[in-house]
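Novice: Handing over structure-v2.csv, CSV, N, CA and C atoms.
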chain,number,residue,atom,x,y,z
T,121,MET,N,84.6,127.8,-93.1
T,121,MET,CA,85.3,129.1,-93.4
T,121,MET,C,84.6,129.6,-94.7
T,122,SER,N,84.5,130.9,-94.8
T,122,SER,CA,83.9,131.5,-96.0
T,122,SER,C,84.8,131.4,-97.2
T,123,LYS,N,84.3,131.5,-98.4
T,123,LYS,CA,85.0,131.5,-99.6
T,123,LYS,C,85.1,132.9,-100.2
T,124,PHE,N,85.2,133.8,-99.3
T,124,PHE,CA,85.4,135.2,-99.7
T,124,PHE,C,86.6,135.8,-99.2
T,125,ALA,N,87.2,136.7,-100.0
T,125,ALA,CA,88.4,137.5,-99.6
T,125,ALA,C,88.1,138.9,-99.8
T,126,LEU,N,88.7,139.8,-99.0
T,126,LEU,CA,88.5,141.2,-99.2
T,126,LEU,C,89.9,141.9,-99.4
T,127,ILE,N,89.9,142.7,-100.5
T,127,ILE,CA,91.1,143.5,-100.7
T,127,ILE,C,90.8,144.9,-100.5
T,128,ILE,N,91.5,145.5,-99.5
T,128,ILE,CA,91.3,147.0,-99.2
T,128,ILE,C,92.5,147.6,-99.9
T,129,GLN,N,92.3,148.4,-100.9
T,129,GLN,CA,93.3,148.9,-101.8
T,129,GLN,C,93.3,150.4,-101.8
T,130,GLY,N,94.5,151.0,-101.6
T,130,GLY,CA,94.6,152.4,-101.7
T,130,GLY,C,95.7,152.9,-100.7
T,131,PRO,N,95.8,154.2,-100.7
T,131,PRO,CA,96.8,154.8,-99.7
T,131,PRO,C,96.3,154.7,-98.3
T,132,LEU,N,97.3,154.6,-97.4
T,132,LEU,CA,96.9,154.6,-96.0
T,132,LEU,C,96.7,156.0,-95.5
T,133,VAL,N,97.3,157.0,-96.2
T,133,VAL,CA,97.0,158.4,-95.9
T,133,VAL,C,96.5,159.0,-97.3
T,134,SER,N,95.3,159.4,-97.3
T,134,SER,CA,94.7,159.9,-98.5
T,134,SER,C,94.8,161.4,-98.5
T,135,ARG,N,95.3,161.9,-99.7
T,135,ARG,CA,95.5,163.4,-99.8
T,135,ARG,C,94.8,163.8,-101.1
T,136,GLY,N,94.1,164.9,-101.1
T,136,GLY,CA,93.5,165.4,-102.3
T,136,GLY,C,92.3,166.3,-102.1
T,137,ILE,N,91.5,166.5,-103.1
T,137,ILE,CA,90.4,167.3,-103.1
T,137,ILE,C,89.1,166.4,-102.9
T,138,PRO,N,88.3,166.7,-101.9
T,138,PRO,CA,87.1,165.9,-101.7
T,138,PRO,C,86.1,166.1,-102.8
T,139,GLY,N,85.3,165.1,-103.0
T,139,GLY,CA,84.3,165.1,-104.1
T,139,GLY,C,83.4,166.4,-104.1
T,140,SER,N,83.1,166.9,-102.9
T,140,SER,CA,82.3,168.1,-102.9
T,140,SER,C,83.0,169.4,-103.5
T,141,HIS,N,84.3,169.3,-103.7
T,141,HIS,CA,85.0,170.4,-104.2
T,141,HIS,C,85.8,170.1,-105.5
T,142,ILE,N,85.5,168.9,-106.1
T,142,ILE,CA,86.2,168.5,-107.3
T,142,ILE,C,86.0,169.5,-108.4
T,143,HIS,N,84.9,170.2,-108.5
T,143,HIS,CA,84.7,171.1,-109.6
T,143,HIS,C,85.7,172.3,-109.6
T,144,ILE,N,86.4,172.5,-108.5
T,144,ILE,CA,87.5,173.5,-108.5
T,144,ILE,C,88.9,172.9,-108.4
T,145,ALA,N,89.0,171.6,-108.6
T,145,ALA,CA,90.3,170.9,-108.4
T,145,ALA,C,91.4,171.5,-109.3
T,146,SER,N,91.1,172.1,-110.4
T,146,SER,CA,92.2,172.6,-111.2
T,146,SER,C,92.3,174.2,-111.1
T,147,GLY,N,91.5,174.8,-110.3
T,147,GLY,CA,91.5,176.2,-110.2
T,147,GLY,C,92.6,176.7,-109.3
T,148,PRO,N,92.7,178.0,-109.2
T,148,PRO,CA,93.8,178.6,-108.4
T,148,PRO,C,93.6,178.4,-106.9
T,149,ASN,N,92.4,178.1,-106.4
T,149,ASN,CA,92.1,177.8,-105.0
T,149,ASN,C,92.1,176.4,-104.7
T,150,ALA,N,92.5,175.5,-105.6
T,150,ALA,CA,92.4,174.1,-105.3
T,150,ALA,C,93.1,173.6,-104.1
T,151,THR,N,94.3,174.1,-103.8
T,151,THR,CA,95.1,173.7,-102.7
T,151,THR,C,94.5,174.0,-101.3
T,152,LYS,N,93.7,175.1,-101.3
T,152,LYS,CA,93.1,175.4,-100.0
T,152,LYS,C,91.9,174.5,-99.6
T,153,HIS,N,91.4,173.7,-100.6
T,153,HIS,CA,90.4,172.8,-100.4
T,153,HIS,C,90.9,171.3,-100.2
T,154,SER,N,92.2,171.2,-100.3
T,154,SER,CA,92.9,169.9,-100.2
T,154,SER,C,92.8,169.4,-98.8
T,155,ILE,N,92.6,168.1,-98.6
T,155,ILE,CA,92.4,167.5,-97.3
T,155,ILE,C,93.4,166.3,-97.2
T,156,THR,N,93.7,165.9,-95.9
T,156,THR,CA,94.5,164.7,-95.6
T,156,THR,C,93.7,163.9,-94.7
T,157,PHE,N,93.6,162.6,-95.0
T,157,PHE,CA,92.8,161.7,-94.2
T,157,PHE,C,93.6,160.4,-93.9
T,158,ASP,N,93.9,160.2,-92.7
T,158,ASP,CA,94.6,158.9,-92.3
T,158,ASP,C,93.6,157.8,-92.2
T,159,CYS,N,93.7,156.8,-93.1
T,159,CYS,CA,92.8,155.8,-93.3
T,159,CYS,C,93.0,154.6,-92.3
T,160,ARG,N,94.1,154.6,-91.5
T,160,ARG,CA,94.4,153.4,-90.7
T,160,ARG,C,93.3,153.1,-89.7
T,161,GLU,N,92.8,154.1,-89.0
T,161,GLU,CA,91.7,153.8,-88.1
T,161,GLU,C,90.5,153.2,-88.7
T,162,ASN,N,90.2,153.7,-89.9
T,162,ASN,CA,89.0,153.2,-90.6
T,162,ASN,C,89.2,151.8,-91.1
T,163,ILE,N,90.4,151.5,-91.6
T,163,ILE,CA,90.8,150.2,-92.0
T,163,ILE,C,90.6,149.2,-90.9
T,164,SER,N,91.1,149.6,-89.7
T,164,SER,CA,91.0,148.7,-88.5
T,164,SER,C,89.6,148.5,-88.1
T,165,LYS,N,88.7,149.5,-88.3
T,165,LYS,CA,87.3,149.3,-88.0
T,165,LYS,C,86.6,148.3,-89.0
T,166,ILE,N,87.0,148.4,-90.2
T,166,ILE,CA,86.4,147.5,-91.2
T,166,ILE,C,86.8,146.1,-90.9
T,167,ILE,N,88.1,145.9,-90.6
T,167,ILE,CA,88.6,144.5,-90.2
T,167,ILE,C,87.9,144.0,-89.0
T,168,SER,N,87.8,144.9,-87.9
T,168,SER,CA,87.2,144.5,-86.7
T,168,SER,C,85.7,144.1,-86.9
T,169,ARG,N,85.0,144.9,-87.6
T,169,ARG,CA,83.5,144.7,-87.8
T,169,ARG,C,83.2,143.6,-88.8
T,170,PHE,N,84.0,143.5,-89.9
T,170,PHE,CA,83.6,142.6,-90.9
T,170,PHE,C,84.6,141.5,-91.3
T,171,GLY,N,85.8,141.5,-90.6
T,171,GLY,CA,86.8,140.6,-90.9
T,171,GLY,C,86.4,139.1,-90.8
T,172,GLU,N,85.6,138.8,-89.9
T,172,GLU,CA,85.2,137.4,-89.7
T,172,GLU,C,84.4,136.8,-90.9
T,173,LEU,N,83.9,137.7,-91.7
T,173,LEU,CA,83.1,137.3,-92.9
T,173,LEU,C,84.0,136.8,-94.0
T,174,PHE,N,85.3,137.0,-93.9
T,174,PHE,CA,86.3,136.7,-95.0
T,174,PHE,C,87.3,135.6,-94.6
T,175,GLU,N,87.7,134.8,-95.5
T,175,GLU,CA,88.8,133.9,-95.3
T,175,GLU,C,90.1,134.6,-95.2
T,176,HIS,N,90.2,135.6,-96.1
T,176,HIS,CA,91.4,136.5,-96.1
T,176,HIS,C,91.0,137.9,-96.2
T,177,VAL,N,91.8,138.8,-95.5
T,177,VAL,CA,91.7,140.2,-95.7
T,177,VAL,C,93.1,140.7,-96.1
T,178,VAL,N,93.2,141.4,-97.2
T,178,VAL,CA,94.4,141.9,-97.7
T,178,VAL,C,94.4,143.4,-97.8
T,179,ILE,N,95.4,144.1,-97.3
T,179,ILE,CA,95.5,145.5,-97.4
T,179,ILE,C,96.6,145.8,-98.4
T,180,SER,N,96.3,146.4,-99.5
T,180,SER,CA,97.3,146.6,-100.6
T,180,SER,C,97.5,148.1,-100.7
T,181,THR,N,98.8,148.5,-100.5
T,181,THR,CA,99.1,150.0,-100.6
T,181,THR,C,100.5,150.1,-101.2
T,182,TRP,N,101.0,151.3,-101.1
T,182,TRP,CA,102.3,151.7,-101.7
T,182,TRP,C,103.4,151.6,-100.7
T,183,GLU,N,104.6,151.3,-101.1
T,183,GLU,CA,105.8,151.1,-100.2
T,183,GLU,C,106.0,152.3,-99.4
T,184,ASP,N,105.8,153.5,-99.9
T,184,ASP,CA,106.1,154.7,-99.2
T,184,ASP,C,104.9,155.1,-98.2
T,185,GLU,N,103.9,154.3,-98.2
T,185,GLU,CA,102.7,154.6,-97.3
T,185,GLU,C,102.9,154.0,-95.9
T,186,THR,N,103.7,153.0,-95.8
T,186,THR,CA,103.7,152.2,-94.5
T,186,THR,C,104.9,152.7,-93.6
T,187,ASN,N,104.7,152.4,-92.3
T,187,ASN,CA,105.8,152.6,-91.4
T,187,ASN,C,105.8,151.4,-90.4
T,188,GLU,N,106.8,151.3,-89.6
T,188,GLU,CA,107.0,150.2,-88.7
T,188,GLU,C,105.9,149.9,-87.7
T,189,HIS,N,105.0,150.9,-87.5
T,189,HIS,CA,103.9,150.7,-86.6
T,189,HIS,C,102.6,150.2,-87.3
T,190,ASP,N,102.6,150.1,-88.6
T,190,ASP,CA,101.4,149.6,-89.3
T,190,ASP,C,101.2,148.1,-89.0
T,191,TYR,N,100.2,147.8,-88.3
T,191,TYR,CA,99.9,146.4,-88.0
T,191,TYR,C,98.3,146.3,-88.0
T,192,PHE,N,97.8,145.4,-88.7
T,192,PHE,CA,96.3,145.3,-88.8
T,192,PHE,C,96.0,143.8,-88.5
T,193,PRO,N,95.7,143.6,-87.2
T,193,PRO,CA,95.3,142.2,-86.8
T,193,PRO,C,94.1,141.7,-87.7
T,194,GLY,N,94.3,140.5,-88.2
T,194,GLY,CA,93.3,139.9,-89.0
T,194,GLY,C,93.4,140.2,-90.5
T,195,ALA,N,94.5,140.9,-90.8
T,195,ALA,CA,94.7,141.2,-92.2
T,195,ALA,C,96.2,141.0,-92.6
T,196,GLU,N,96.5,140.9,-93.9
T,196,GLU,CA,97.8,140.9,-94.4
T,196,GLU,C,98.1,142.1,-95.2
T,197,LEU,N,99.3,142.7,-95.0
T,197,LEU,CA,99.6,143.9,-95.7
T,197,LEU,C,100.6,143.6,-96.9
T,198,VAL,N,100.3,144.1,-98.0
T,198,VAL,CA,101.1,143.9,-99.2
T,198,VAL,C,101.4,145.3,-99.8
T,199,THR,N,102.6,145.5,-100.2
T,199,THR,CA,103.0,146.9,-100.7
T,199,THR,C,103.6,146.7,-102.1
T,200,SER,N,103.4,147.8,-102.9
T,200,SER,CA,104.0,147.8,-104.3
T,200,SER,C,104.6,149.2,-104.5
T,201,PRO,N,105.5,149.3,-105.4
T,201,PRO,CA,106.0,150.6,-105.7
T,201,PRO,C,104.9,151.5,-106.3
T,202,ASP,N,104.8,152.7,-105.9
T,202,ASP,CA,103.7,153.6,-106.4
T,202,ASP,C,104.0,153.9,-107.9
T,203,PRO,N,103.1,153.5,-108.8
T,203,PRO,CA,103.3,153.8,-110.2
T,203,PRO,C,103.0,155.2,-110.6
T,204,GLY,N,102.4,156.0,-109.7
T,204,GLY,CA,102.0,157.3,-110.0
T,204,GLY,C,100.7,157.4,-110.8
T,205,THR,N,100.3,158.6,-111.1
T,205,THR,CA,99.0,158.7,-111.9
T,205,THR,C,99.3,158.8,-113.4
T,206,LEU,N,98.3,158.5,-114.1
T,206,LEU,CA,98.3,158.7,-115.6
T,206,LEU,C,97.6,160.0,-115.9
T,207,ARG,N,98.0,160.6,-117.0
T,207,ARG,CA,97.3,161.8,-117.5
T,207,ARG,C,96.3,161.3,-118.6
T,208,VAL,N,95.1,161.7,-118.4
T,208,VAL,CA,94.0,161.3,-119.4
T,208,VAL,C,94.1,162.3,-120.6
T,209,ALA,N,94.1,161.8,-121.8
T,209,ALA,CA,94.3,162.6,-123.0
T,209,ALA,C,93.2,163.7,-123.1
T,210,TRP,N,92.0,163.3,-122.8
T,210,TRP,CA,90.9,164.2,-123.1
T,210,TRP,C,90.8,165.4,-122.1
T,211,ASN,N,91.3,165.3,-120.9
T,211,ASN,CA,91.3,166.4,-120.0
T,211,ASN,C,92.6,166.7,-119.3
T,212,GLY,N,93.6,165.9,-119.4
T,212,GLY,CA,94.9,166.1,-118.8
T,212,GLY,C,94.9,166.0,-117.3
T,213,LYS,N,93.8,165.6,-116.7
T,213,LYS,CA,93.8,165.6,-115.2
T,213,LYS,C,94.4,164.2,-114.8
T,214,PRO,N,94.9,164.1,-113.5
T,214,PRO,CA,95.4,162.9,-113.1
T,214,PRO,C,94.4,161.8,-113.0
T,215,ASN,N,94.8,160.6,-113.2
T,215,ASN,CA,93.9,159.4,-113.2
T,215,ASN,C,94.5,158.3,-112.4
T,216,ASN,N,93.9,157.9,-111.4
T,216,ASN,CA,94.4,156.8,-110.5
T,216,ASN,C,94.1,155.4,-110.9
T,217,LYS,N,93.5,155.2,-112.0
T,217,LYS,CA,93.1,153.8,-112.4
T,217,LYS,C,94.3,152.9,-112.4
T,218,HIS,N,95.4,153.4,-112.9
T,218,HIS,CA,96.6,152.6,-113.0
T,218,HIS,C,97.1,152.2,-111.6
T,219,ARG,N,97.0,153.1,-110.6
T,219,ARG,CA,97.3,152.7,-109.3
T,219,ARG,C,96.4,151.6,-108.7
T,220,GLN,N,95.1,151.8,-109.1
T,220,GLN,CA,94.1,150.8,-108.6
T,220,GLN,C,94.4,149.4,-109.2
T,221,PHE,N,94.7,149.4,-110.5
T,221,PHE,CA,95.0,148.1,-111.1
T,221,PHE,C,96.3,147.4,-110.5
T,222,ILE,N,97.3,148.2,-110.3
T,222,ILE,CA,98.5,147.7,-109.7
T,222,ILE,C,98.3,147.2,-108.3
T,223,GLY,N,97.5,148.0,-107.5
T,223,GLY,CA,97.2,147.6,-106.1
T,223,GLY,C,96.4,146.3,-106.0
T,224,ILE,N,95.4,146.2,-106.8
T,224,ILE,CA,94.5,145.0,-106.8
T,224,ILE,C,95.3,143.8,-107.3
T,225,ASN,N,96.1,144.0,-108.3
T,225,ASN,CA,96.9,142.9,-108.8
T,225,ASN,C,97.8,142.4,-107.7
T,226,ALA,N,98.4,143.2,-106.9
T,226,ALA,CA,99.3,142.8,-105.8
T,226,ALA,C,98.5,142.0,-104.8
T,227,GLY,N,97.3,142.4,-104.5
T,227,GLY,CA,96.4,141.7,-103.6
T,227,GLY,C,96.0,140.3,-104.1
T,228,LEU,N,95.7,140.3,-105.4
T,228,LEU,CA,95.3,139.0,-106.0
T,228,LEU,C,96.5,138.1,-106.1
T,229,LYS,N,97.7,138.6,-106.3
T,229,LYS,CA,98.9,137.7,-106.3
T,229,LYS,C,99.1,137.1,-104.9
T,230,LEU,N,98.9,137.9,-103.9
T,230,LEU,CA,99.1,137.3,-102.5
T,230,LEU,C,98.0,136.2,-102.3
T,231,LEU,N,96.8,136.5,-102.7
T,231,LEU,CA,95.7,135.5,-102.5
T,231,LEU,C,96.1,134.2,-103.3
T,232,HIS,N,96.6,134.4,-104.5
T,232,HIS,CA,97.0,133.3,-105.4
T,232,HIS,C,98.1,132.4,-104.7
T,233,SER,N,99.0,133.1,-104.1
T,233,SER,CA,100.1,132.4,-103.4
T,233,SER,C,99.6,131.6,-102.3
T,234,LYS,N,98.4,131.9,-101.7
T,234,LYS,CA,97.8,131.2,-100.6
T,234,LYS,C,96.8,130.1,-101.1
T,235,LYS,N,96.8,130.0,-102.4
T,235,LYS,CA,95.9,129.0,-103.1
T,235,LYS,C,94.4,129.3,-102.8
T,236,PHE,N,94.1,130.6,-102.6
T,236,PHE,CA,92.7,131.0,-102.4
T,236,PHE,C,91.9,130.7,-103.7
T,237,ASN,N,90.8,130.1,-103.5
T,237,ASN,CA,89.9,129.8,-104.7
T,237,ASN,C,88.5,130.2,-104.3
T,238,GLY,N,88.1,131.5,-104.4
T,238,GLY,CA,86.8,131.9,-104.0
T,238,GLY,C,86.5,133.3,-104.6
T,239,THR,N,85.6,134.0,-104.1
T,239,THR,CA,85.2,135.3,-104.6
T,239,THR,C,86.0,136.4,-103.9
T,240,VAL,N,86.5,137.4,-104.6
T,240,VAL,CA,87.3,138.5,-104.1
T,240,VAL,C,86.4,139.8,-104.2
T,241,LEU,N,86.3,140.5,-103.1
T,241,LEU,CA,85.7,141.7,-103.0
T,241,LEU,C,86.7,142.8,-102.9
T,242,LYS,N,86.6,143.9,-103.6
T,242,LYS,CA,87.5,145.0,-103.5
T,242,LYS,C,86.8,146.2,-102.7
T,243,ASN,N,87.6,146.8,-101.8
T,243,ASN,CA,87.1,147.9,-101.0
T,243,ASN,C,88.0,149.1,-101.3
T,244,HIS,N,87.3,150.2,-101.6
T,244,HIS,CA,88.1,151.5,-101.8
T,244,HIS,C,87.1,152.6,-101.5
T,245,GLY,N,87.5,153.4,-100.5
T,245,GLY,CA,86.7,154.6,-100.3
T,245,GLY,C,85.5,154.5,-99.3
T,246,ILE,N,85.4,153.4,-98.6
T,246,ILE,CA,84.3,153.3,-97.6
T,246,ILE,C,84.8,153.9,-96.3
T,247,VAL,N,84.0,154.8,-95.7
T,247,VAL,CA,84.4,155.4,-94.5
T,247,VAL,C,83.4,155.0,-93.4
T,248,LEU,N,83.9,154.4,-92.3
T,248,LEU,CA,83.0,154.1,-91.2
T,248,LEU,C,83.2,155.0,-90.0
T,249,PHE,N,82.2,155.4,-89.4
T,249,PHE,CA,82.3,156.3,-88.2
T,249,PHE,C,81.8,155.6,-87.0
Could you render the structure as structure tokens?

Specialist:
Amino acid sequence: MSKFALIIQGPLVSRGIPGSHIHIASGPNATKHSITFDCRENISKIISRFGELFEHVVISTWEDETNEHDYFPGAELVTSPDPGTLRVAWNGKPNNKHRQFIGINAGLKLLHSKKFNGTVLKNHGIVLF
């Protein structure tokens, strides 16, 4: 068995401004460029294609992101309360670093409880088609 674990961290449904329109994220037309992307299918593809490479696969998301139908064979789901975004002093725009730290920490705690002793890889934002 490999000595690698994968933590897939983030929302199950991503909402926001795509990178191609980030320059207008604070303008009056920002909401018309907002998108919603359900990541569940993509997460399932990642697990199906690459899950065998890992001793553990952990999906770490927020409590309000899951529903009773969320099941990812080959992975364990851990949830945390959503801490929200932080405001960055220099520009005042939302910053998700705090969410990422909380989500990764929850995944690491789960791995620690399983006595995992290996290398942990973090996945966020990879889209497979």

Novice: Can you measure atom CA of T:Pro203 to atom C of T:Glu161 for me? One decimal in Å is fine.

Specialist: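 According to the coordinates, atom CA of T:Pro203 and atom C of T:Glu161 are separated by 25.0 Å.
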
Novice: Taking only C-alpha atoms into account, which of T:Val178, T:Ile155, T:Val133, T:Ala195 comes nearest T:His232?

Specialist: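 Distance minimum relative to T:His232 lands on T:Val178.
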
Novice: Using all atoms listed in the file, which protein or nucleic acid residues come within 7 Å of T:Gly136? Drop anything in the same chain fewer than 3 positions from it, and give the result as a PDB file with N, CA and C atoms, in the coordinates of the input.

Specialist:
ATOM      1  N   HIS T 153      91.400 173.700-100.600  1.00  0.00           N
ATOM      2  CA  HIS T 153      90.400 172.800-100.400  1.00  0.00           C
ATOM      3  C   HIS T 153      90.900 171.300-100.200  1.00  0.00           C
ATOM      4  N   SER T 154      92.200 171.200-100.300  1.00  0.00           N
ATOM      5  CA  SER T 154      92.900 169.900-100.200  1.00  0.00           C
ATOM      6  C   SER T 154      92.800 169.400 -98.800  1.00  0.00           C
ATOM      7  N   ILE T 155      92.600 168.100 -98.600  1.00  0.00           N
ATOM      8  CA  ILE T 155      92.400 167.500 -97.300  1.00  0.00           C
ATOM      9  C   ILE T 155      93.400 166.300 -97.200  1.00  0.00           C
ATOM     10  N   THR T 156      93.700 165.900 -95.900  1.00  0.00           N
ATOM     11  CA  THR T 156      94.500 164.700 -95.600  1.00  0.00           C
ATOM     12  C   THR T 156      93.700 163.900 -94.700  1.00  0.00           C
ATOM     13  N   PHE T 157      93.600 162.600 -95.000  1.00  0.00           N
ATOM     14  CA  PHE T 157      92.800 161.700 -94.200  1.00  0.00           C
ATOM     15  C   PHE T 157      93.600 160.400 -93.900  1.00  0.00           C
TER      16      PHE T 157
END

Novice: Calculated over only C-alpha atoms, which of the candidates T:Ala125, T:Ile167, T:Leu230, T:Asp202 has the smallest distance to T:Asn216?

Specialist: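 With only C-alpha atoms as the atom set, the closest residue is T:Asp202.
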
Novice: If we count all atoms listed in the file, what is near stretch 220-224 of chain T at a cut-off of 8 Å, once residues fewer than 6 positions away on the same chain are taken out, given as a PyMOL selection string?

Specialist: chain T and resi 127-130+179-182+198-200+203+230+242
